[in-house]
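The structure under discussion appears below in the form of structure tokens.
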There are 2 protein chains.
Amino acid sequence: MIVEIISVGTEILLGNIVNTNAAYLSEKCAGIGLSCYYQDVVGDNEERLTNVIRTALQRADVLLLSGGLGPTQDDLTKEVAAKVLGRNLYLHESSKEAIDSFFKSRGIEITENNWKQAMMPEGCIVVDNPNGTAPGVIIEDKGKHIVLMPGPPNELVPMFESAIMPYLNALEPGIIYSQTVKICGVGESKAESMVEDMIAAQSNPTIATYAKTGEVHLRVTARAEDEKEAKKLVKPVVKELKGRFGNNVYTTQEDVTLERAVVDLLLANNLTVSTVESCTGGMLAARLINVPGVSEVFKTGYITYSNKSKRKILGIKKSTLEKHGAVSPEIAKEMAKGASLFAKADVTVGITGVAGPDGGSEEKPVGLVYIACSVCGRVNVRECHFSGSRMKIRESSVSAALSLMRESILAYFSEVTFGAKKS
Amino acid sequence: MIVEIISVGTEILLGNIVNTNAAYLSEKCAGIGLSCYYQDVVGDNEERLTNVIRTALQRADVLLLSGGLGPTQDDLTKEVAAKVLGRNLYLHESSKEAIDSFFKSRGIEITENNWKQAMMPEGCIVVDNPNGTAPGVIIEDKGKHIVLMPGPPNELVPMFESAIMPYLNALEPGIIYSQTVKICGVGESKAESMVEDMIAAQSNPTIATYAKTGEVHLRVTARAEDEKEAKKLVKPVVKELKGRFGNNVYTTQEDVTLERAVVDLLLANNLTVSTVESCTGGMLAARLINVPGVSEVFKTGYITYSNKSKRKILGIKKSTLEKHGAVSPEIAKEMAKGASLFAKADVTVGITGVAGPDGGSEEKPVGLVYIACSVCGRVNVRECHFSGSRMKIRESSVSAALSLMRESILAYFSEVTFGAKKS
């Protein structure tokens, strides 16, 4: 089945917001085996929205529209879709009640225009929206499926996951099941070459690779009569991937991020953590602290961007700094060691590098970053070469640091070394 | 003139990447007075790309295509555009030389397929690409303007700014000139209500408002015969906006961010800075450190996420923590004071709050954040209430902290207080 994704909103055409909904819906649709050939963006304009819906009905089986379901005069999506499909709108009582209680629970007075959101196309399926006032709508028409969703991502995403995705999944005989093998510490091209033979030989399940900053995700997708059968198809492929990538696989769970995997590893081993950052300036700590519950393990984080701060906080000698330079494996190591001493944490990380755009030299070019990780006194240092903007280099450094932390902790407990340079 | 933005790439349809190019191009086009009615995304497929180009030629004057100019068989944009417009491709010698020297300078061997990138449609304008191997292309055809640009943003953005935007600007008689007044410390709806009368009365120049996290940008755009005339139209409006928003205007320069404005203010006043972060966990320091040259002013940053760390690093008494709770104006103040003491910095900031999703209570709900800023010992504390995800609350906190830093420094030097709660 073919899906077309239509985002409605003048604010997208003005560049005020980035269209993350389209990326989200596209990824989800690919995950359940729907092919997307076109994405469209159109403003809150009756004539042009009519054109886009008519064209999409000719070339797709499923239309996913988002945006334009709100209470204002500008919000036209439901009205235009109903008109194109020749449906009248009627007052949907339980949506009216839901809107009423949504406002009452927040103690806000309802303005008259809000009732517009309870008007529904005849014969449609109304989809609950627990996070807002505009319900979703599914219209089935001559073998086509037209789905209308609210634009705000915090309303669209939960609605899609809980109601729309199961609906789409049920449209084709059998079901789609997928599992993602998330890998760190292996470059994109190396990861791809390691699974080239599997991708070439694939039919069901299929393997798709997704490159993220410092990570590669391999999604294994199978179609089968039922979930049990699909899982049976996926299982040996995931096992094979786990075998090939070994300890570089940090999770096979959809909702586990790399920082969450590191925090889980710390919690499981009863280890505390402290960070000392130079070029990343707090970004590593910020990512760790985005994991709820991290307060159990996170001790102090230090940002020692200047040499003075490195000397004062970590007690690094001026002569050491002068001899090796601030961006050196020696200083990264001193940073990690200093943190174990002062923060009394079990796992400590030091990051120092040239993030650019200035400050690079022939010997130490922009993008050169040293990361040291100490686990109970045993230190691993890694030299990295990144490219891109100042922000990109810093983001890559943080991902590499999380990767090194994971490897160092695992190595400490299993005596496996992952080829990291020990010192 | 009407513009249509066409993004080419299967990776966008699979949701592997978010279409930031479309948002960037839309914003830029709006800035020079071009109306965008449709954005399209299509894969690397001859038939479908042909359809999209044909449709766009019927409804727009300018087509901005990005992606699909690379060396692989998949890259079809130039070939398909040339075919639709009935142009042959020929080998463009100076592009061939540019590709040759691009590879030589990087010491990489050129593979045969790269020469494909030097093939150009007859009668086109070839646009230099200093950041990659695929040149841009402009084809003028029966009053329409078809612009082909490479997909990677680090190639597209510089090419658009240096060559494509001036080209588009010259298409209509007269020129478009705009200036952005960037405001912090004023909410979106308040800012809008403060300029409502100006927006209602506008014709040339126009005023457009853009809400960012913790900031509002007001773009003033004028069309005139020449730049001098346009600047003359923009100037009094910018002056009026500056008058209305006073010290809340942090810049009128396109390339100055809020963190850059704060760092510039520190540099100008010869002040050093130190941060102490709890719920934001290093995000404030990370934003400051994204400003090149910040090493002149940034002393140590501390991340004291746990109570233990607050006590140990800042010397806050257990009884103080127990009496007020970690999320309180008192603790925010202690954090800022502690940093002035230990880091010996002139300007210090403390942030403590409930970022959620757990940890909220009736008295201290998720989203409650206290920020304290000390300038040479004089402390301002601000109470904030944010909503959204854990990450959104943390991002809002960082913007509010930058805003408070700016206000506190200005207030210290001018005895203006901005209504901040002094303590």
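Convention: chains lettered A, B, ... in structure tokens order; per-chain residue numbering from 1; ligands numbered from 1 as shown.
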**OP:** Could you please tell me, as a count of residues only, which residues of chain B have an atom within 8 Å of chain A when using only C-alpha atoms?
**Re:** 57
Residue contacts of Asp128 in chain B (8 Å, only C-alpha atoms) excluding same-chain residues fewer than 3 positions away, as a PDB file with N, CA, C and O atoms, in the first residue's frame:
ATOM      1  N   PRO B 135      28.267  21.270  -8.495  1.00  0.00           N
ATOM      2  CA  PRO B 135      27.929  22.685  -8.656  1.00  0.00           C
ATOM      3  C   PRO B 135      26.411  22.865  -8.639  1.00  0.00           C
ATOM      4  O   PRO B 135      25.665  21.920  -8.865  1.00  0.00           O
ATOM      5  N   GLY B 136      25.953  24.090  -8.379  1.00  0.00           N
ATOM      6  CA  GLY B 136      24.544  24.412  -8.511  1.00  0.00           C
ATOM      7  C   GLY B 136      24.235  24.767  -9.958  1.00  0.00           C
ATOM      8  O   GLY B 136      25.141  25.006 -10.753  1.00  0.00           O
ATOM      9  N   MET B 159      25.843  28.270  -0.626  1.00  0.00           N
ATOM     10  CA  MET B 159      25.537  28.532  -2.032  1.00  0.00           C
ATOM     11  C   MET B 159      24.312  29.439  -2.159  1.00  0.00           C
ATOM     12  O   MET B 159      24.292  30.375  -2.957  1.00  0.00           O
TER      13      MET B 159
END
**OP:** Just the residues within 12 Å of Val379 in chain B, please, counting only C-alpha atoms, with nothing from its chain fewer than 5 positions along; format it as a VMD selection string.
**Re:** chain B and resid 329 to 330 332 to 338 340 346 to 350 371 to 374 404 to 405 407 to 409 411 to 412 417 420 to 423
Spatial neighbours of His92 in chain A, 9 Å, only C-alpha atoms, chain gap at least 4 places, as a tab-separated table (two decimals) with all heavy atoms, in the first residue's frame:
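Saved file out_9.tsv follows:
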chain	number	residue	atom	x	y	z
A	96	LYS	N	-17.91	16.72	21.70
A	96	LYS	CA	-18.31	17.96	22.36
A	96	LYS	C	-18.08	17.84	23.87
A	96	LYS	O	-17.52	18.75	24.50
A	96	LYS	CB	-19.79	18.24	22.06
A	96	LYS	CG	-20.30	19.56	22.59
A	96	LYS	CD	-21.69	19.89	22.04
A	96	LYS	CE	-22.20	21.22	22.55
A	96	LYS	NZ	-22.85	21.15	23.85
A	97	GLU	N	-18.49	16.68	24.40
A	97	GLU	CA	-18.29	16.46	25.84
A	97	GLU	C	-16.80	16.44	26.21
A	97	GLU	O	-16.39	16.99	27.23
A	97	GLU	CB	-18.94	15.13	26.27
A	97	GLU	CG	-20.46	15.23	26.36
A	97	GLU	CD	-21.13	13.86	26.32
A	97	GLU	OE1	-20.49	12.86	26.71
A	97	GLU	OE2	-22.29	13.81	25.88
A	118	ALA	N	-15.76	19.83	17.29
A	118	ALA	CA	-16.62	18.66	17.53
A	118	ALA	C	-17.47	18.32	16.31
A	118	ALA	O	-18.24	17.36	16.33
A	118	ALA	CB	-17.51	18.91	18.74
A	119	MET	N	-17.33	19.09	15.23
A	119	MET	CA	-18.07	18.82	13.99
A	119	MET	C	-17.31	17.75	13.21
A	119	MET	O	-16.12	17.88	12.96
A	119	MET	CB	-18.19	20.10	13.16
A	119	MET	CG	-18.98	21.24	13.81
A	119	MET	SD	-20.69	20.82	14.17
A	119	MET	CE	-21.38	20.76	12.51
A	120	MET	N	-18.00	16.68	12.82
A	120	MET	CA	-17.31	15.55	12.19
A	120	MET	C	-17.94	15.19	10.84
A	120	MET	O	-19.16	15.29	10.67
A	120	MET	CB	-17.40	14.32	13.12
A	120	MET	CG	-16.58	14.46	14.38
A	120	MET	SD	-14.81	14.55	14.00
A	120	MET	CE	-14.23	15.45	15.44
A	126	VAL	N	-14.02	8.64	14.59
A	126	VAL	CA	-13.45	9.73	15.39
A	126	VAL	C	-12.37	9.14	16.31
A	126	VAL	O	-12.59	8.13	16.95
A	126	VAL	CB	-14.54	10.42	16.23
A	126	VAL	CG1	-13.94	11.52	17.10
A	126	VAL	CG2	-15.62	11.01	15.31
Original post:
Please, what distance in Å, to one decimal, runs between CA of Gly143 in chain B and CA of Leu91 in chain B?
Top reply: 25.5 Å
**OP:** Please provide the set of residues having any atom within 12 Å of Lys235 in chain B, restricted to only C-alpha atoms, with same-chain residues fewer than 3 positions apart removed, written as an MDAnalysis selection string.
**Re:** chainID B and resid 177:181 204:205 220:222 227:232 238:242 252
So which bits of range 66-223 of chain B end up strand (DSSP E) when you DSSP the backbone, as a short mmCIF file (atom, residue, chain, number, x, y, z; two decimals) with all heavy atoms, in the first residue's frame?
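Dumped to selection.cif:
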data_model
loop_
_atom_site.label_atom_id
_atom_site.label_comp_id
_atom_site.auth_asym_id
_atom_site.auth_seq_id
_atom_site.Cartn_x
_atom_site.Cartn_y
_atom_site.Cartn_z
N SER B 66 16.44 20.87 -4.29
CA SER B 66 17.68 20.51 -3.59
C SER B 66 17.79 19.00 -3.53
O SER B 66 16.81 18.29 -3.41
CB SER B 66 17.70 21.11 -2.17
OG SER B 66 16.64 20.60 -1.41
N LEU B 89 22.79 17.66 -22.07
CA LEU B 89 23.88 17.89 -21.12
C LEU B 89 25.20 17.92 -21.87
O LEU B 89 25.39 17.19 -22.84
CB LEU B 89 23.91 16.77 -20.07
CG LEU B 89 22.67 16.66 -19.16
CD1 LEU B 89 22.72 15.37 -18.36
CD2 LEU B 89 22.58 17.85 -18.21
N TYR B 90 26.10 18.78 -21.42
CA TYR B 90 27.44 18.82 -22.04
C TYR B 90 28.47 18.89 -20.91
O TYR B 90 28.15 19.25 -19.78
CB TYR B 90 27.57 20.04 -22.96
CG TYR B 90 27.65 21.35 -22.23
CD1 TYR B 90 28.89 21.98 -22.01
CD2 TYR B 90 26.50 21.96 -21.72
CE1 TYR B 90 28.96 23.19 -21.32
CE2 TYR B 90 26.57 23.16 -21.01
CZ TYR B 90 27.81 23.76 -20.83
OH TYR B 90 27.88 24.93 -20.13
N LEU B 91 29.73 18.53 -21.25
CA LEU B 91 30.78 18.56 -20.23
C LEU B 91 31.25 20.00 -20.00
O LEU B 91 31.77 20.64 -20.91
CB LEU B 91 31.97 17.69 -20.65
CG LEU B 91 33.08 17.61 -19.60
CD1 LEU B 91 32.64 16.81 -18.38
CD2 LEU B 91 34.35 17.00 -20.19
N MET B 119 28.70 17.51 -15.85
CA MET B 119 27.80 17.56 -17.02
C MET B 119 26.70 18.58 -16.73
O MET B 119 26.05 18.51 -15.69
CB MET B 119 27.18 16.19 -17.28
CG MET B 119 28.17 15.08 -17.62
SD MET B 119 29.12 15.37 -19.13
CE MET B 119 27.83 15.17 -20.37
N MET B 120 26.52 19.53 -17.65
CA MET B 120 25.59 20.63 -17.38
C MET B 120 24.54 20.78 -18.48
O MET B 120 24.83 20.55 -19.65
CB MET B 120 26.37 21.95 -17.28
CG MET B 120 27.26 22.02 -16.05
SD MET B 120 26.24 22.06 -14.55
CE MET B 120 27.42 21.41 -13.36
N PRO B 121 23.33 21.18 -18.12
CA PRO B 121 22.30 21.42 -19.14
C PRO B 121 22.69 22.60 -20.03
O PRO B 121 23.20 23.61 -19.51
CB PRO B 121 21.04 21.75 -18.32
CG PRO B 121 21.33 21.26 -16.93
CD PRO B 121 22.81 21.37 -16.75
N ILE B 125 23.13 28.50 -16.11
CA ILE B 125 24.12 29.22 -15.33
C ILE B 125 24.69 28.22 -14.32
O ILE B 125 23.92 27.58 -13.58
CB ILE B 125 23.47 30.40 -14.58
CG1 ILE B 125 22.79 31.36 -15.56
CG2 ILE B 125 24.50 31.14 -13.73
CD1 ILE B 125 21.84 32.36 -14.89
N VAL B 126 26.00 28.05 -14.33
CA VAL B 126 26.63 27.12 -13.38
C VAL B 126 27.02 27.89 -12.12
O VAL B 126 27.61 28.96 -12.20
CB VAL B 126 27.86 26.44 -14.00
CG1 VAL B 126 28.54 25.51 -13.00
CG2 VAL B 126 27.46 25.66 -15.25
N VAL B 127 26.67 27.36 -10.96
CA VAL B 127 26.92 28.06 -9.69
C VAL B 127 27.99 27.30 -8.91
O VAL B 127 27.86 26.11 -8.66
CB VAL B 127 25.62 28.16 -8.85
CG1 VAL B 127 25.87 28.95 -7.56
CG2 VAL B 127 24.50 28.79 -9.66
N GLY B 136 25.95 24.09 -8.38
CA GLY B 136 24.54 24.41 -8.51
C GLY B 136 24.23 24.77 -9.96
O GLY B 136 25.14 25.01 -10.75
N VAL B 137 22.96 24.78 -10.31
CA VAL B 137 22.55 25.04 -11.69
C VAL B 137 21.34 25.96 -11.68
O VAL B 137 20.42 25.77 -10.88
CB VAL B 137 22.16 23.71 -12.39
CG1 VAL B 137 21.64 23.98 -13.80
CG2 VAL B 137 23.33 22.74 -12.43
N ILE B 138 21.34 26.97 -12.54
CA ILE B 138 20.13 27.78 -12.76
C ILE B 138 19.75 27.68 -14.23
O ILE B 138 20.59 27.93 -15.10
CB ILE B 138 20.36 29.27 -12.39
CG1 ILE B 138 20.76 29.41 -10.91
CG2 ILE B 138 19.10 30.09 -12.68
CD1 ILE B 138 21.15 30.84 -10.52
N ILE B 139 18.51 27.28 -14.50
CA ILE B 139 18.04 27.23 -15.88
C ILE B 139 16.89 28.23 -16.02
O ILE B 139 15.95 28.22 -15.22
CB ILE B 139 17.53 25.82 -16.26
CG1 ILE B 139 18.58 24.76 -15.91
CG2 ILE B 139 17.19 25.74 -17.74
CD1 ILE B 139 18.10 23.32 -16.05
N GLU B 140 17.02 29.11 -17.02
CA GLU B 140 15.94 30.07 -17.28
C GLU B 140 15.18 29.57 -18.50
O GLU B 140 15.78 29.28 -19.54
CB GLU B 140 16.54 31.46 -17.51
CG GLU B 140 17.25 31.96 -16.27
CD GLU B 140 17.94 33.30 -16.46
OE1 GLU B 140 18.27 33.65 -17.61
OE2 GLU B 140 18.14 34.00 -15.44
N ASP B 141 13.88 29.42 -18.36
CA ASP B 141 13.11 28.77 -19.42
C ASP B 141 11.71 29.37 -19.49
O ASP B 141 10.93 29.21 -18.55
CB ASP B 141 13.05 27.26 -19.13
CG ASP B 141 12.65 26.46 -20.36
OD1 ASP B 141 11.44 26.38 -20.65
OD2 ASP B 141 13.56 25.93 -21.03
N LYS B 144 10.39 31.11 -16.58
CA LYS B 144 10.50 30.39 -15.30
C LYS B 144 11.98 30.27 -14.93
O LYS B 144 12.86 30.31 -15.79
CB LYS B 144 9.89 28.99 -15.43
CG LYS B 144 8.47 28.95 -15.96
CD LYS B 144 7.47 29.24 -14.87
CE LYS B 144 6.05 29.24 -15.44
NZ LYS B 144 5.02 29.34 -14.42
N HIS B 145 12.21 30.07 -13.63
CA HIS B 145 13.59 29.97 -13.14
C HIS B 145 13.71 28.68 -12.35
O HIS B 145 13.05 28.53 -11.32
CB HIS B 145 13.93 31.17 -12.26
CG HIS B 145 13.62 32.47 -12.92
ND1 HIS B 145 14.55 33.17 -13.65
CD2 HIS B 145 12.46 33.16 -13.03
CE1 HIS B 145 13.98 34.25 -14.16
NE2 HIS B 145 12.71 34.27 -13.79
N ILE B 146 14.52 27.75 -12.85
CA ILE B 146 14.65 26.45 -12.19
C ILE B 146 16.05 26.40 -11.58
O ILE B 146 17.05 26.49 -12.29
CB ILE B 146 14.44 25.30 -13.18
CG1 ILE B 146 13.03 25.39 -13.76
CG2 ILE B 146 14.63 23.94 -12.50
CD1 ILE B 146 12.92 26.14 -15.05
N VAL B 147 16.09 26.28 -10.25
CA VAL B 147 17.36 26.33 -9.53
C VAL B 147 17.62 24.97 -8.91
O VAL B 147 16.77 24.44 -8.19
CB VAL B 147 17.30 27.41 -8.42
CG1 VAL B 147 18.62 27.47 -7.67
CG2 VAL B 147 16.95 28.77 -9.00
N LEU B 148 18.79 24.40 -9.20
CA LEU B 148 19.16 23.09 -8.63
C LEU B 148 20.31 23.28 -7.65
O LEU B 148 21.33 23.88 -8.00
CB LEU B 148 19.59 22.12 -9.72
CG LEU B 148 18.73 22.05 -11.00
CD1 LEU B 148 19.30 20.99 -11.95
CD2 LEU B 148 17.28 21.74 -10.67
N MET B 149 20.14 22.80 -6.43
CA MET B 149 21.18 22.96 -5.40
C MET B 149 21.51 21.61 -4.78
O MET B 149 20.65 20.72 -4.73
CB MET B 149 20.69 23.91 -4.31
CG MET B 149 20.52 25.33 -4.79
SD MET B 149 19.67 26.37 -3.56
CE MET B 149 17.98 25.83 -3.80
N ILE B 175 14.49 45.99 -4.93
CA ILE B 175 15.10 44.97 -4.10
C ILE B 175 14.34 44.88 -2.78
O ILE B 175 13.57 45.77 -2.42
CB ILE B 175 16.59 45.25 -3.80
CG1 ILE B 175 16.70 46.50 -2.90
CG2 ILE B 175 17.42 45.39 -5.03
CD1 ILE B 175 17.30 46.15 -1.59
N ILE B 176 14.58 43.76 -2.11
CA ILE B 176 13.99 43.52 -0.80
C ILE B 176 15.11 43.65 0.22
O ILE B 176 16.20 43.10 0.02
CB ILE B 176 13.41 42.09 -0.74
CG1 ILE B 176 12.14 41.99 -1.56
CG2 ILE B 176 13.18 41.66 0.69
CD1 ILE B 176 10.91 42.49 -0.87
N TYR B 177 14.86 44.37 1.27
CA TYR B 177 15.87 44.46 2.34
C TYR B 177 15.16 44.21 3.66
O TYR B 177 14.05 44.70 3.88
CB TYR B 177 16.51 45.85 2.34
CG TYR B 177 17.40 46.10 3.52
CD1 TYR B 177 18.71 45.60 3.55
CD2 TYR B 177 16.94 46.81 4.63
CE1 TYR B 177 19.52 45.81 4.65
CE2 TYR B 177 17.75 47.03 5.73
CZ TYR B 177 19.04 46.52 5.73
OH TYR B 177 19.84 46.73 6.83
N SER B 178 15.77 43.41 4.51
CA SER B 178 15.12 43.19 5.80
C SER B 178 16.12 43.22 6.94
O SER B 178 17.31 42.97 6.76
CB SER B 178 14.33 41.89 5.80
OG SER B 178 15.18 40.81 5.67
N GLN B 179 15.60 43.56 8.09
CA GLN B 179 16.42 43.60 9.29
C GLN B 179 15.60 42.95 10.41
O GLN B 179 14.38 43.11 10.46
CB GLN B 179 16.78 45.05 9.65
CG GLN B 179 17.98 45.12 10.59
CD GLN B 179 18.45 46.55 10.83
OE1 GLN B 179 17.89 47.51 10.33
NE2 GLN B 179 19.49 46.67 11.65
N THR B 180 16.28 42.20 11.28
CA THR B 180 15.57 41.50 12.33
C THR B 180 15.87 42.11 13.69
O THR B 180 17.03 42.30 14.03
CB THR B 180 15.94 40.00 12.32
OG1 THR B 180 15.66 39.48 11.03
CG2 THR B 180 15.13 39.22 13.35
N VAL B 181 14.84 42.43 14.42
CA VAL B 181 14.99 42.94 15.78
C VAL B 181 14.76 41.74 16.71
O VAL B 181 13.68 41.17 16.74
CB VAL B 181 13.96 44.05 16.07
CG1 VAL B 181 14.10 44.56 17.51
CG2 VAL B 181 14.14 45.20 15.07
N LYS B 182 15.82 41.32 17.42
CA LYS B 182 15.71 40.13 18.26
C LYS B 182 15.50 40.52 19.72
O LYS B 182 16.25 41.32 20.26
CB LYS B 182 16.98 39.27 18.12
CG LYS B 182 17.22 38.80 16.70
CD LYS B 182 18.40 37.82 16.64
CE LYS B 182 18.71 37.44 15.20
NZ LYS B 182 19.90 36.56 15.12
N ILE B 183 14.48 39.91 20.31
CA ILE B 183 14.02 40.31 21.64
C ILE B 183 14.08 39.13 22.59
O ILE B 183 13.72 38.01 22.22
CB ILE B 183 12.57 40.83 21.53
CG1 ILE B 183 12.54 42.15 20.77
CG2 ILE B 183 11.92 40.98 22.90
CD1 ILE B 183 11.20 42.46 20.18
N CYS B 184 14.51 39.35 23.82
CA CYS B 184 14.43 38.30 24.84
C CYS B 184 13.75 38.87 26.07
O CYS B 184 13.65 40.08 26.24
CB CYS B 184 15.82 37.77 25.19
SG CYS B 184 16.91 39.00 25.91
N THR B 206 6.91 45.62 5.89
CA THR B 206 6.05 44.72 6.66
C THR B 206 6.81 44.26 7.90
O THR B 206 8.05 44.31 7.95
CB THR B 206 5.69 43.48 5.84
OG1 THR B 206 6.89 42.83 5.43
CG2 THR B 206 4.88 43.85 4.61
N ILE B 207 6.04 43.83 8.90
CA ILE B 207 6.66 43.28 10.12
C ILE B 207 6.14 41.85 10.31
O ILE B 207 4.92 41.63 10.30
CB ILE B 207 6.28 44.10 11.37
CG1 ILE B 207 6.69 45.57 11.18
CG2 ILE B 207 6.94 43.53 12.62
CD1 ILE B 207 6.15 46.48 12.27
N ALA B 208 7.04 40.90 10.45
CA ALA B 208 6.64 39.52 10.73
C ALA B 208 7.24 39.08 12.05
O ALA B 208 8.38 39.41 12.35
CB ALA B 208 7.11 38.60 9.61
N THR B 209 6.46 38.34 12.86
CA THR B 209 6.98 37.89 14.16
C THR B 209 7.30 36.41 14.10
O THR B 209 6.56 35.62 13.53
CB THR B 209 5.97 38.12 15.29
OG1 THR B 209 4.79 37.35 15.01
CG2 THR B 209 5.58 39.58 15.42
N TYR B 210 8.42 36.02 14.68
CA TYR B 210 8.84 34.62 14.76
C TYR B 210 9.13 34.29 16.21
O TYR B 210 9.99 34.91 16.82
CB TYR B 210 10.11 34.39 13.93
CG TYR B 210 9.91 34.58 12.45
CD1 TYR B 210 9.94 35.84 11.88
CD2 TYR B 210 9.67 33.49 11.63
CE1 TYR B 210 9.74 36.03 10.52
CE2 TYR B 210 9.48 33.65 10.26
CZ TYR B 210 9.51 34.92 9.72
OH TYR B 210 9.32 35.10 8.37
N ALA B 211 8.41 33.30 16.75
CA ALA B 211 8.67 32.90 18.15
C ALA B 211 9.72 31.81 18.18
O ALA B 211 9.63 30.82 17.46
CB ALA B 211 7.38 32.39 18.76
N LYS B 212 10.76 32.01 18.98
CA LYS B 212 11.79 31.00 19.22
C LYS B 212 11.70 30.65 20.71
O LYS B 212 11.03 31.34 21.47
CB LYS B 212 13.18 31.56 18.89
CG LYS B 212 13.25 32.32 17.58
CD LYS B 212 13.63 31.44 16.43
CE LYS B 212 13.48 32.16 15.10
NZ LYS B 212 13.68 31.31 13.94
N GLU B 215 12.63 33.55 23.01
CA GLU B 215 12.93 34.75 22.24
C GLU B 215 11.81 35.04 21.26
O GLU B 215 11.05 34.16 20.88
CB GLU B 215 14.20 34.55 21.39
CG GLU B 215 15.45 34.26 22.16
CD GLU B 215 16.64 34.09 21.21
OE1 GLU B 215 16.75 34.85 20.22
OE2 GLU B 215 17.44 33.19 21.45
N VAL B 216 11.73 36.28 20.82
CA VAL B 216 10.85 36.64 19.72
C VAL B 216 11.68 37.45 18.72
O VAL B 216 12.43 38.34 19.12
CB VAL B 216 9.63 37.47 20.21
CG1 VAL B 216 8.75 37.86 19.03
CG2 VAL B 216 8.82 36.70 21.24
N HIS B 217 11.59 37.10 17.45
CA HIS B 217 12.27 37.86 16.40
C HIS B 217 11.23 38.61 15.58
O HIS B 217 10.24 38.03 15.16
CB HIS B 217 13.07 36.93 15.49
CG HIS B 217 14.20 36.22 16.20
ND1 HIS B 217 15.11 35.42 15.56
CD2 HIS B 217 14.56 36.20 17.52
CE1 HIS B 217 15.99 34.95 16.44
NE2 HIS B 217 15.66 35.41 17.63
N LEU B 218 11.47 39.89 15.38
CA LEU B 218 10.58 40.71 14.55
C LEU B 218 11.34 41.09 13.28
O LEU B 218 12.37 41.77 13.36
CB LEU B 218 10.18 41.99 15.31
CG LEU B 218 9.45 41.77 16.65
CD1 LEU B 218 9.38 43.08 17.42
CD2 LEU B 218 8.04 41.23 16.40
N ARG B 219 10.86 40.61 12.14
CA ARG B 219 11.57 40.91 10.91
C ARG B 219 10.87 42.03 10.15
O ARG B 219 9.70 41.93 9.82
CB ARG B 219 11.72 39.68 10.02
CG ARG B 219 12.58 40.01 8.80
CD ARG B 219 12.77 38.85 7.86
NE ARG B 219 13.53 37.79 8.49
CZ ARG B 219 13.25 36.51 8.35
NH1 ARG B 219 12.23 36.13 7.63
NH2 ARG B 219 13.98 35.60 8.95
N VAL B 220 11.62 43.07 9.89
CA VAL B 220 11.09 44.23 9.17
C VAL B 220 11.61 44.16 7.74
O VAL B 220 12.82 44.12 7.51
CB VAL B 220 11.58 45.54 9.83
CG1 VAL B 220 10.97 46.75 9.12
CG2 VAL B 220 11.24 45.55 11.32
N THR B 221 10.70 44.11 6.76
CA THR B 221 11.09 43.91 5.37
C THR B 221 10.51 45.01 4.49
O THR B 221 9.32 45.28 4.54
CB THR B 221 10.57 42.54 4.86
OG1 THR B 221 11.01 41.53 5.75
CG2 THR B 221 11.07 42.23 3.46
N ALA B 222 11.38 45.61 3.68
CA ALA B 222 10.91 46.65 2.77
C ALA B 222 11.29 46.33 1.33
O ALA B 222 12.31 45.70 1.08
CB ALA B 222 11.50 48.01 3.18
N ARG B 223 10.42 46.74 0.42
CA ARG B 223 10.78 46.65 -1.00
C ARG B 223 10.95 48.08 -1.52
O ARG B 223 10.13 48.95 -1.23
CB ARG B 223 9.67 45.93 -1.78
CG ARG B 223 9.87 45.94 -3.29
CD ARG B 223 8.88 45.06 -4.03
NE ARG B 223 9.13 43.65 -3.81
CZ ARG B 223 10.12 42.96 -4.41
NH1 ARG B 223 10.95 43.56 -5.25
NH2 ARG B 223 10.27 41.69 -4.17
#
Subject >> Option closest in space to Pro130 in chain B, from B:Ser101, B:Ser397, B:Ser414, B:Asn113 [counting only C-alpha atoms] >> reply: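 Nearest candidate to Pro130 in chain B out of B:Ser101, B:Ser397, B:Ser414, B:Asn113: B:Ser101.
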Original post:
What are the DSSP alpha helix (DSSP H) residues of range 178-402 of chain A, as a PyMOL selection string?
Top reply: chain A and resi 188-200+227-245+258-268+283-288+307-314+318-324+329-343+390-402
**OP:** Please identify all polymer residues within 12 Å of Glu112 in chain B, counting only C-alpha atoms, omitting same-chain residues fewer than 4 positions from it, and present them as a VMD selection string.
**Re:** chain B and resid 71 to 73 96 99 to 100 116 to 118
